[in-house]
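Note sheet for the following structure.
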There are 2 protein chains.
Amino acid sequence: MTVPPNILIADDHPLFRIALKQATKLAFNSATVDEAGAIDDMLRLMAQGPAYDLLLLDLHMPGARGFSGLIYMRGQYPEIPVVVVSGNDQDKTIAKAMNHGASGFIPKSTDLPDMAQAIKTIINGAFWVPPDFSAGHENIQDEEMSIAETVAALTPQQFRVFTLLSEGMLNKQIAYEMGVAEGTVKAHVTAILKKFGAYNRGQLIIAAQRLEADEMPE
Amino acid sequence: MTVPPNILIADDHPLFRIALKQATKLAFNSATVDEAGAIDDMLRLMAQGPAYDLLLLDLHMPGARGFSGLIYMRGQYPEIPVVVVSGNDQDKTIAKAMNHGASGFIPKSTDLPDMAQAIKTIINGAFWVPPDFSAGHENIQDEEMSIAETVAALTPQQFRVFTLLSEGMLNKQIAYEMGVAEGTVKAHVTAILKKFGAYNRGQLIIAAQRLEADEMPE
DNA sequence: CTGTGCATATTGCTTAAGAAATAGGGGGTA
DNA sequence: TACCCCCTATTTCTTAAGCAATATGCACAG
């Protein structure tokens, strides 16, 4: 790891980004911290920014709800540890995140000193989960794991198309969001279909839904 | 209720239909029992068969996994009590089934005498859940409830199209399954889109996925 | 330096999806 | 009986989805 560490915070809630940044500074007061409020910003920073030593990732990011963002980042940057940050602190959600390659899980209800400790622990190469977490026998189903492997193997543009498509958007809308021609999106969709072994976009949407995290009890 | 009662068992597993039938006979030895191994059979029997006093419904029926079958039946035949039968006996699943209008929930691990007692209880107008069930504060999200209300308001053909469409099938395939022209399916899809306030079938699939029951831990 | 492979982007073509208008068939009600 | 409403089914027409072929740029091995 670089000293001081470079850390990327990806959360759509500005106030919570501030809190996470404070926790980070508490852990490493010389840390360099970048922030992303959406998946696209995160992807851009990962590609163009410094080599990050840690990614703090919210599960409810605009552009990739659920575990797809985590899975994709683990596929693209397997050497960068990812800490999942979420308001949903059910054991099942934590277990799933860890099984999908997270190095830690920080519930949003965690207080600042514990967050700092968690960040320290993980950046040093260990895992961290909430002290009251008790893992059951919650292994990920074969089918979900197969989907995850395919998501991890998508190219950056394919992943963006996949997430937008999964929200029910038309190719034309996706093209506008990405700033490319509709035909380009279609070509990406065709490539994605092949990777998933699917015959139409509906089946892609069904697959994507299986990577969603459960609803947060409000 | 008619005496002897008419009971319909809908489960895709033949062996389990036998067990349910035995439980039914144990509860009412003169009961008339019909069986359906798929949603289509169930719908046909409901439409053409006798007036049933009770429906025993599995959550994993071919043609309607999850709660959509329960929701639709409650919308179409609100006077007929439905008992959900499932291998998934998590409290969350039971709570959801009850909130979606079930009169009872029988885990597949229940023994025969208890099943018979459950059936007796429910056919007499009361509820029945497993003795070890403890309801949390698992209310159904507004969005899911809104989807459920729309599903309950679908016509029979629309419901069949909806379930097949939700599995990622093409209009042509749905038409073949239902024995109608592709154009007819398209007209149904258009009507369904309007009811849901959706703009394309992808959004229908997303909505349908929200009514799926959690995977069964195997 | 050069060829190879992959990601990205585009166009042209075929098939699927969706909207609109229309018609037949019960099931109610005056 | 006559009327109306809703479900179902169909055809026609426009738009969207998906496939095939192709070109550019970029990284990497020789």
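FYI, nothing fancy with the structure tokens labels: chains A, B, ... in order, residues from 1 per chain, ligands from 1 as they appear.
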
Find the spatial neighbours of B:Met145, counting only C-alpha atoms (C1' of nucleotides), within a cut-off of 10 Å - ignore same-chain residues fewer than 3 positions away - and output them as a compact mmCIF listing (two decimals) with all heavy atoms, in the first residue's frame.
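File out24.txt, as written:
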```
# COMPACT_ATOMS: atom_id res chain seq x y z
N ASN B 99 -49.29 -11.32 4.65
CA ASN B 99 -49.61 -9.95 4.28
C ASN B 99 -50.20 -9.85 2.87
O ASN B 99 -50.91 -8.91 2.55
CB ASN B 99 -48.35 -9.08 4.36
CG ASN B 99 -48.08 -8.59 5.77
OD1 ASN B 99 -49.01 -8.33 6.53
ND2 ASN B 99 -46.81 -8.47 6.13
N HIS B 100 -49.89 -10.83 2.07
CA HIS B 100 -50.43 -10.83 0.71
C HIS B 100 -51.77 -11.57 0.64
O HIS B 100 -52.25 -11.87 -0.44
CB HIS B 100 -49.44 -11.43 -0.29
CG HIS B 100 -48.41 -10.46 -0.77
ND1 HIS B 100 -48.74 -9.23 -1.31
CD2 HIS B 100 -47.05 -10.52 -0.81
CE1 HIS B 100 -47.62 -8.60 -1.66
NE2 HIS B 100 -46.60 -9.34 -1.36
N ASN B 139 -43.44 -5.39 7.41
CA ASN B 139 -44.51 -4.93 6.53
C ASN B 139 -44.01 -4.90 5.09
O ASN B 139 -42.82 -4.76 4.83
CB ASN B 139 -44.97 -3.54 6.95
CG ASN B 139 -45.76 -3.60 8.23
OD1 ASN B 139 -46.49 -4.55 8.46
ND2 ASN B 139 -45.58 -2.59 9.08
N ILE B 140 -44.94 -5.03 4.19
CA ILE B 140 -44.57 -5.01 2.78
C ILE B 140 -44.36 -3.58 2.33
O ILE B 140 -45.12 -2.68 2.69
CB ILE B 140 -45.67 -5.72 1.95
CG1 ILE B 140 -45.69 -7.20 2.32
CG2 ILE B 140 -45.44 -5.53 0.47
CD1 ILE B 140 -46.78 -7.99 1.66
N GLN B 141 -43.29 -3.37 1.58
CA GLN B 141 -42.98 -2.03 1.08
C GLN B 141 -44.14 -1.48 0.24
O GLN B 141 -44.84 -2.23 -0.42
CB GLN B 141 -41.74 -2.08 0.21
CG GLN B 141 -40.57 -2.82 0.81
CD GLN B 141 -39.73 -1.90 1.67
OE1 GLN B 141 -39.58 -2.16 2.85
NE2 GLN B 141 -39.21 -0.84 1.10
N ASP B 142 -44.27 -0.18 0.25
CA ASP B 142 -45.33 0.46 -0.54
C ASP B 142 -45.26 0.05 -2.00
O ASP B 142 -46.28 -0.25 -2.62
CB ASP B 142 -45.20 1.98 -0.43
CG ASP B 142 -45.58 2.47 0.96
OD1 ASP B 142 -46.15 1.68 1.72
OD2 ASP B 142 -45.31 3.65 1.25
N ALA B 148 -48.54 -5.46 -6.23
CA ALA B 148 -49.47 -6.54 -5.91
C ALA B 148 -50.90 -6.15 -6.28
O ALA B 148 -51.65 -6.96 -6.84
CB ALA B 148 -49.39 -6.88 -4.42
N GLU B 149 -51.27 -4.92 -6.00
CA GLU B 149 -52.63 -4.48 -6.32
C GLU B 149 -52.88 -4.53 -7.83
O GLU B 149 -53.96 -4.88 -8.28
CB GLU B 149 -52.86 -3.06 -5.79
CG GLU B 149 -53.09 -3.05 -4.28
CD GLU B 149 -52.97 -1.64 -3.69
OE1 GLU B 149 -52.87 -0.68 -4.47
OE2 GLU B 149 -52.97 -1.53 -2.46
N THR B 150 -51.86 -4.17 -8.59
CA THR B 150 -52.02 -4.20 -10.04
C THR B 150 -52.13 -5.64 -10.53
O THR B 150 -52.96 -5.95 -11.40
CB THR B 150 -50.84 -3.50 -10.72
OG1 THR B 150 -50.72 -2.18 -10.19
CG2 THR B 150 -51.04 -3.41 -12.22
N VAL B 151 -51.31 -6.53 -9.98
CA VAL B 151 -51.39 -7.94 -10.37
C VAL B 151 -52.77 -8.50 -10.07
O VAL B 151 -53.35 -9.24 -10.87
CB VAL B 151 -50.30 -8.77 -9.65
CG1 VAL B 151 -50.54 -10.26 -9.83
CG2 VAL B 151 -48.92 -8.38 -10.14
N ARG B 210 -40.03 -8.45 -8.05
CA ARG B 210 -40.19 -7.99 -6.67
C ARG B 210 -41.21 -8.83 -5.91
O ARG B 210 -41.30 -8.73 -4.69
CB ARG B 210 -40.61 -6.52 -6.65
CG ARG B 210 -39.60 -5.68 -7.42
CD ARG B 210 -39.52 -4.30 -6.91
NE ARG B 210 -39.52 -4.24 -5.47
CZ ARG B 210 -39.17 -3.18 -4.78
NH1 ARG B 210 -38.80 -2.11 -5.41
NH2 ARG B 210 -39.21 -3.18 -3.48
N LEU B 211 -41.98 -9.63 -6.63
CA LEU B 211 -42.95 -10.50 -5.96
C LEU B 211 -42.42 -11.91 -5.78
O LEU B 211 -43.11 -12.79 -5.29
CB LEU B 211 -44.27 -10.53 -6.74
CG LEU B 211 -44.96 -9.19 -6.91
CD1 LEU B 211 -46.26 -9.37 -7.70
CD2 LEU B 211 -45.26 -8.56 -5.56
```

Could you list, as a list in words, the residues of chain A having an atom within 12 Å of chain C when counting only C-alpha atoms (C1' of nucleotides)?
Leu154, Thr155, Pro156, Gln157, Gln158, Leu170, Ala175, Gly179, Val180, Ala181, Glu182, Gly183, Thr184, Val185, Lys186, Ala187, His188, Ala191, Tyr199, Asn200 and Arg201 of chain A

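Rounded to one decimal, atom CA of A:Met42 and atom CA of A:Leu57 lie 9.3 Å from each other.
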
Enumerate as a PyMOL selection string the residues belonging to chain D that approach chain B to within 9 Å, with only C-alpha atoms (C1' of nucleotides) taken into account.
chain D and resi 7-11

Output file for the residues above (N, CA, C and O atoms (P, O5', C5', C4', C3', O3' and C1' of nucleotides), as a PDB file, in the first residue's frame):
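Below is the file that was written, out_27.pdb:
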```
ATOM      1  P    DC D   7     -61.980  -6.378 -18.162  1.00  0.00           P
ATOM      2  O5'  DC D   7     -61.681  -7.774 -18.866  1.00  0.00           O
ATOM      3  C5'  DC D   7     -62.570  -8.869 -18.647  1.00  0.00           C
ATOM      4  C4'  DC D   7     -62.518  -9.794 -19.835  1.00  0.00           C
ATOM      5  C3'  DC D   7     -61.104 -10.109 -20.342  1.00  0.00           C
ATOM      6  O3'  DC D   7     -60.887 -11.511 -20.315  1.00  0.00           O
ATOM      7  C1'  DC D   7     -62.547  -9.538 -22.142  1.00  0.00           C
ATOM      8  P    DT D   8     -59.443 -12.115 -20.663  1.00  0.00           P
ATOM      9  O5'  DT D   8     -59.542 -12.428 -22.216  1.00  0.00           O
ATOM     10  C5'  DT D   8     -60.617 -13.220 -22.708  1.00  0.00           C
ATOM     11  C4'  DT D   8     -60.666 -13.157 -24.217  1.00  0.00           C
ATOM     12  C3'  DT D   8     -59.328 -13.401 -24.914  1.00  0.00           C
ATOM     13  O3'  DT D   8     -59.374 -14.646 -25.598  1.00  0.00           O
ATOM     14  C1'  DT D   8     -60.548 -11.603 -25.900  1.00  0.00           C
ATOM     15  P    DA D   9     -58.019 -15.235 -26.241  1.00  0.00           P
ATOM     16  O5'  DA D   9     -58.028 -14.641 -27.724  1.00  0.00           O
ATOM     17  C5'  DA D   9     -59.123 -14.912 -28.579  1.00  0.00           C
ATOM     18  C4'  DA D   9     -59.014 -14.043 -29.822  1.00  0.00           C
ATOM     19  C3'  DA D   9     -57.644 -14.035 -30.496  1.00  0.00           C
ATOM     20  O3'  DA D   9     -57.705 -14.782 -31.703  1.00  0.00           O
ATOM     21  C1'  DA D   9     -58.633 -11.858 -30.416  1.00  0.00           C
ATOM     22  P    DT D  10     -56.372 -15.107 -32.499  1.00  0.00           P
ATOM     23  O5'  DT D  10     -56.326 -13.932 -33.587  1.00  0.00           O
ATOM     24  C5'  DT D  10     -57.496 -13.651 -34.356  1.00  0.00           C
ATOM     25  C4'  DT D  10     -57.382 -12.311 -35.065  1.00  0.00           C
ATOM     26  C3'  DT D  10     -56.042 -12.041 -35.745  1.00  0.00           C
ATOM     27  O3'  DT D  10     -56.148 -12.329 -37.140  1.00  0.00           O
ATOM     28  C1'  DT D  10     -56.966 -10.095 -34.728  1.00  0.00           C
ATOM     29  P    DT D  11     -54.855 -12.243 -38.062  1.00  0.00           P
ATOM     30  O5'  DT D  11     -54.873 -10.710 -38.524  1.00  0.00           O
ATOM     31  C5'  DT D  11     -56.004 -10.192 -39.224  1.00  0.00           C
ATOM     32  C4'  DT D  11     -55.807  -8.710 -39.517  1.00  0.00           C
ATOM     33  C3'  DT D  11     -54.503  -8.371 -40.265  1.00  0.00           C
ATOM     34  O3'  DT D  11     -54.796  -7.519 -41.374  1.00  0.00           O
ATOM     35  C1'  DT D  11     -54.696  -7.052 -38.300  1.00  0.00           C
TER      36       DT D  11
END
```

DSSP on the backbone, helix (DSSP H, G or I) only: what residues of stretch 117-187 of chain B does that give? Format it as number ranges by chain.
B: 117-123, 142-152, 156-166, 171-178, 182-187

Taking only C-alpha atoms into account, report as a PyMOL selection string which residues of chain A lie within 10 Å of chain B.
chain A and resi 137-141+165-170+198-206+208-210+214-218

Write out, as an mmCIF file, in the first residue's frame, the residues just selected, with N, CA, C and O atoms.
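Written file, part-v8.cif:
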```cif
data_model
loop_
_atom_site.group_PDB
_atom_site.id
_atom_site.type_symbol
_atom_site.label_atom_id
_atom_site.label_comp_id
_atom_site.auth_asym_id
_atom_site.auth_seq_id
_atom_site.Cartn_x
_atom_site.Cartn_y
_atom_site.Cartn_z
ATOM 1 N N HIS A 137 -25.342 -20.452 7.432
ATOM 2 C CA HIS A 137 -24.862 -21.261 6.309
ATOM 3 C C HIS A 137 -25.389 -20.650 5.013
ATOM 4 O O HIS A 137 -25.929 -21.318 4.154
ATOM 5 N N GLU A 138 -25.187 -19.341 4.924
ATOM 6 C CA GLU A 138 -25.765 -18.624 3.786
ATOM 7 C C GLU A 138 -24.818 -18.606 2.592
ATOM 8 O O GLU A 138 -24.264 -17.584 2.223
ATOM 9 N N ASN A 139 -24.629 -19.745 2.006
ATOM 10 C CA ASN A 139 -23.815 -19.756 0.803
ATOM 11 C C ASN A 139 -24.620 -19.218 -0.373
ATOM 12 O O ASN A 139 -25.844 -19.303 -0.390
ATOM 13 N N ILE A 140 -23.906 -18.674 -1.318
ATOM 14 C CA ILE A 140 -24.579 -18.129 -2.486
ATOM 15 C C ILE A 140 -24.953 -19.270 -3.427
ATOM 16 O O ILE A 140 -24.169 -20.189 -3.645
ATOM 17 N N GLN A 141 -26.177 -19.198 -3.944
ATOM 18 C CA GLN A 141 -26.659 -20.234 -4.856
ATOM 19 C C GLN A 141 -25.761 -20.320 -6.088
ATOM 20 O O GLN A 141 -25.194 -19.332 -6.528
ATOM 21 N N LEU A 165 -29.485 -1.088 -18.613
ATOM 22 C CA LEU A 165 -30.456 -2.017 -19.194
ATOM 23 C C LEU A 165 -31.263 -2.705 -18.097
ATOM 24 O O LEU A 165 -32.472 -2.913 -18.234
ATOM 25 N N SER A 166 -30.591 -3.028 -17.004
ATOM 26 C CA SER A 166 -31.240 -3.738 -15.901
ATOM 27 C C SER A 166 -32.297 -2.895 -15.210
ATOM 28 O O SER A 166 -33.108 -3.408 -14.456
ATOM 29 N N GLU A 167 -32.233 -1.589 -15.439
ATOM 30 C CA GLU A 167 -33.230 -0.708 -14.830
ATOM 31 C C GLU A 167 -34.422 -0.493 -15.749
ATOM 32 O O GLU A 167 -35.282 0.332 -15.479
ATOM 33 N N GLY A 168 -34.419 -1.195 -16.874
ATOM 34 C CA GLY A 168 -35.552 -1.101 -17.781
ATOM 35 C C GLY A 168 -35.434 0.000 -18.824
ATOM 36 O O GLY A 168 -36.429 0.363 -19.448
ATOM 37 N N MET A 169 -34.239 0.522 -18.992
ATOM 38 C CA MET A 169 -34.066 1.606 -19.960
ATOM 39 C C MET A 169 -33.974 1.088 -21.395
ATOM 40 O O MET A 169 -33.521 -0.024 -21.645
ATOM 41 N N LEU A 170 -34.411 1.927 -22.314
ATOM 42 C CA LEU A 170 -34.317 1.605 -23.741
ATOM 43 C C LEU A 170 -32.886 1.841 -24.224
ATOM 44 O O LEU A 170 -32.138 2.628 -23.638
ATOM 45 N N ALA A 198 -27.794 -15.570 -22.899
ATOM 46 C CA ALA A 198 -29.212 -15.212 -22.894
ATOM 47 C C ALA A 198 -29.686 -14.926 -24.310
ATOM 48 O O ALA A 198 -28.878 -14.715 -25.224
ATOM 49 N N TYR A 199 -31.010 -14.952 -24.486
ATOM 50 C CA TYR A 199 -31.569 -14.762 -25.817
ATOM 51 C C TYR A 199 -32.232 -13.411 -26.002
ATOM 52 O O TYR A 199 -32.535 -13.016 -27.109
ATOM 53 N N ASN A 200 -32.487 -12.729 -24.908
ATOM 54 C CA ASN A 200 -33.077 -11.399 -25.038
ATOM 55 C C ASN A 200 -32.817 -10.622 -23.747
ATOM 56 O O ASN A 200 -32.423 -11.178 -22.722
ATOM 57 N N ARG A 201 -33.078 -9.324 -23.810
ATOM 58 C CA ARG A 201 -32.730 -8.472 -22.678
ATOM 59 C C ARG A 201 -33.547 -8.765 -21.431
ATOM 60 O O ARG A 201 -33.104 -8.478 -20.311
ATOM 61 N N GLY A 202 -34.707 -9.339 -21.624
ATOM 62 C CA GLY A 202 -35.514 -9.690 -20.460
ATOM 63 C C GLY A 202 -34.774 -10.654 -19.547
ATOM 64 O O GLY A 202 -34.807 -10.522 -18.321
ATOM 65 N N GLN A 203 -34.101 -11.611 -20.139
ATOM 66 C CA GLN A 203 -33.364 -12.582 -19.330
ATOM 67 C C GLN A 203 -32.185 -11.926 -18.632
ATOM 68 O O GLN A 203 -31.798 -12.332 -17.538
ATOM 69 N N LEU A 204 -31.620 -10.888 -19.260
ATOM 70 C CA LEU A 204 -30.546 -10.143 -18.600
ATOM 71 C C LEU A 204 -31.097 -9.422 -17.375
ATOM 72 O O LEU A 204 -30.455 -9.380 -16.318
ATOM 73 N N ILE A 205 -32.277 -8.856 -17.524
ATOM 74 C CA ILE A 205 -32.879 -8.145 -16.401
ATOM 75 C C ILE A 205 -33.150 -9.105 -15.244
ATOM 76 O O ILE A 205 -32.879 -8.804 -14.080
ATOM 77 N N ILE A 206 -33.651 -10.289 -15.573
ATOM 78 C CA ILE A 206 -33.911 -11.284 -14.533
ATOM 79 C C ILE A 206 -32.617 -11.641 -13.814
ATOM 80 O O ILE A 206 -32.570 -11.713 -12.576
ATOM 81 N N ALA A 208 -29.900 -9.824 -13.558
ATOM 82 C CA ALA A 208 -29.423 -8.674 -12.782
ATOM 83 C C ALA A 208 -30.182 -8.546 -11.471
ATOM 84 O O ALA A 208 -29.607 -8.211 -10.429
ATOM 85 N N GLN A 209 -31.471 -8.842 -11.494
ATOM 86 C CA GLN A 209 -32.293 -8.707 -10.293
ATOM 87 C C GLN A 209 -31.830 -9.664 -9.197
ATOM 88 O O GLN A 209 -32.019 -9.392 -8.011
ATOM 89 N N ARG A 210 -31.232 -10.750 -9.587
ATOM 90 C CA ARG A 210 -30.788 -11.732 -8.591
ATOM 91 C C ARG A 210 -29.593 -11.226 -7.811
ATOM 92 O O ARG A 210 -29.228 -11.809 -6.795
ATOM 93 N N ASP A 214 -31.420 -7.086 -0.585
ATOM 94 C CA ASP A 214 -32.782 -6.962 -0.086
ATOM 95 C C ASP A 214 -33.097 -5.512 0.225
ATOM 96 O O ASP A 214 -32.212 -4.707 0.477
ATOM 97 N N GLU A 215 -34.356 -5.234 0.237
ATOM 98 C CA GLU A 215 -34.798 -3.897 0.604
ATOM 99 C C GLU A 215 -34.344 -3.568 2.017
ATOM 100 O O GLU A 215 -34.300 -4.429 2.884
ATOM 101 N N MET A 216 -34.044 -2.339 2.237
ATOM 102 C CA MET A 216 -33.658 -1.897 3.565
ATOM 103 C C MET A 216 -34.926 -1.727 4.402
ATOM 104 O O MET A 216 -35.853 -1.057 3.968
ATOM 105 N N PRO A 217 -34.998 -2.367 5.560
ATOM 106 C CA PRO A 217 -36.155 -2.108 6.419
ATOM 107 C C PRO A 217 -36.076 -0.671 6.933
ATOM 108 O O PRO A 217 -35.089 -0.293 7.552
ATOM 109 N N GLU A 218 -37.086 0.139 6.655
ATOM 110 C CA GLU A 218 -36.994 1.579 6.963
ATOM 111 C C GLU A 218 -37.664 1.937 8.279
ATOM 112 O O GLU A 218 -38.438 1.219 8.797
#
```

Report, in Å with one decimal, the straight-line distance from atom CA of B:Tyr176 to atom CA of A:Gly197.
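Taking atom CA of B:Tyr176 as the start and atom CA of A:Gly197 as the end point, the length is 22.6 Å.
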
One number please: atom C1' of D:DT12 to atom CA of B:Thr190, in Å, one decimal.
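A separation of 15.6 Å between them.
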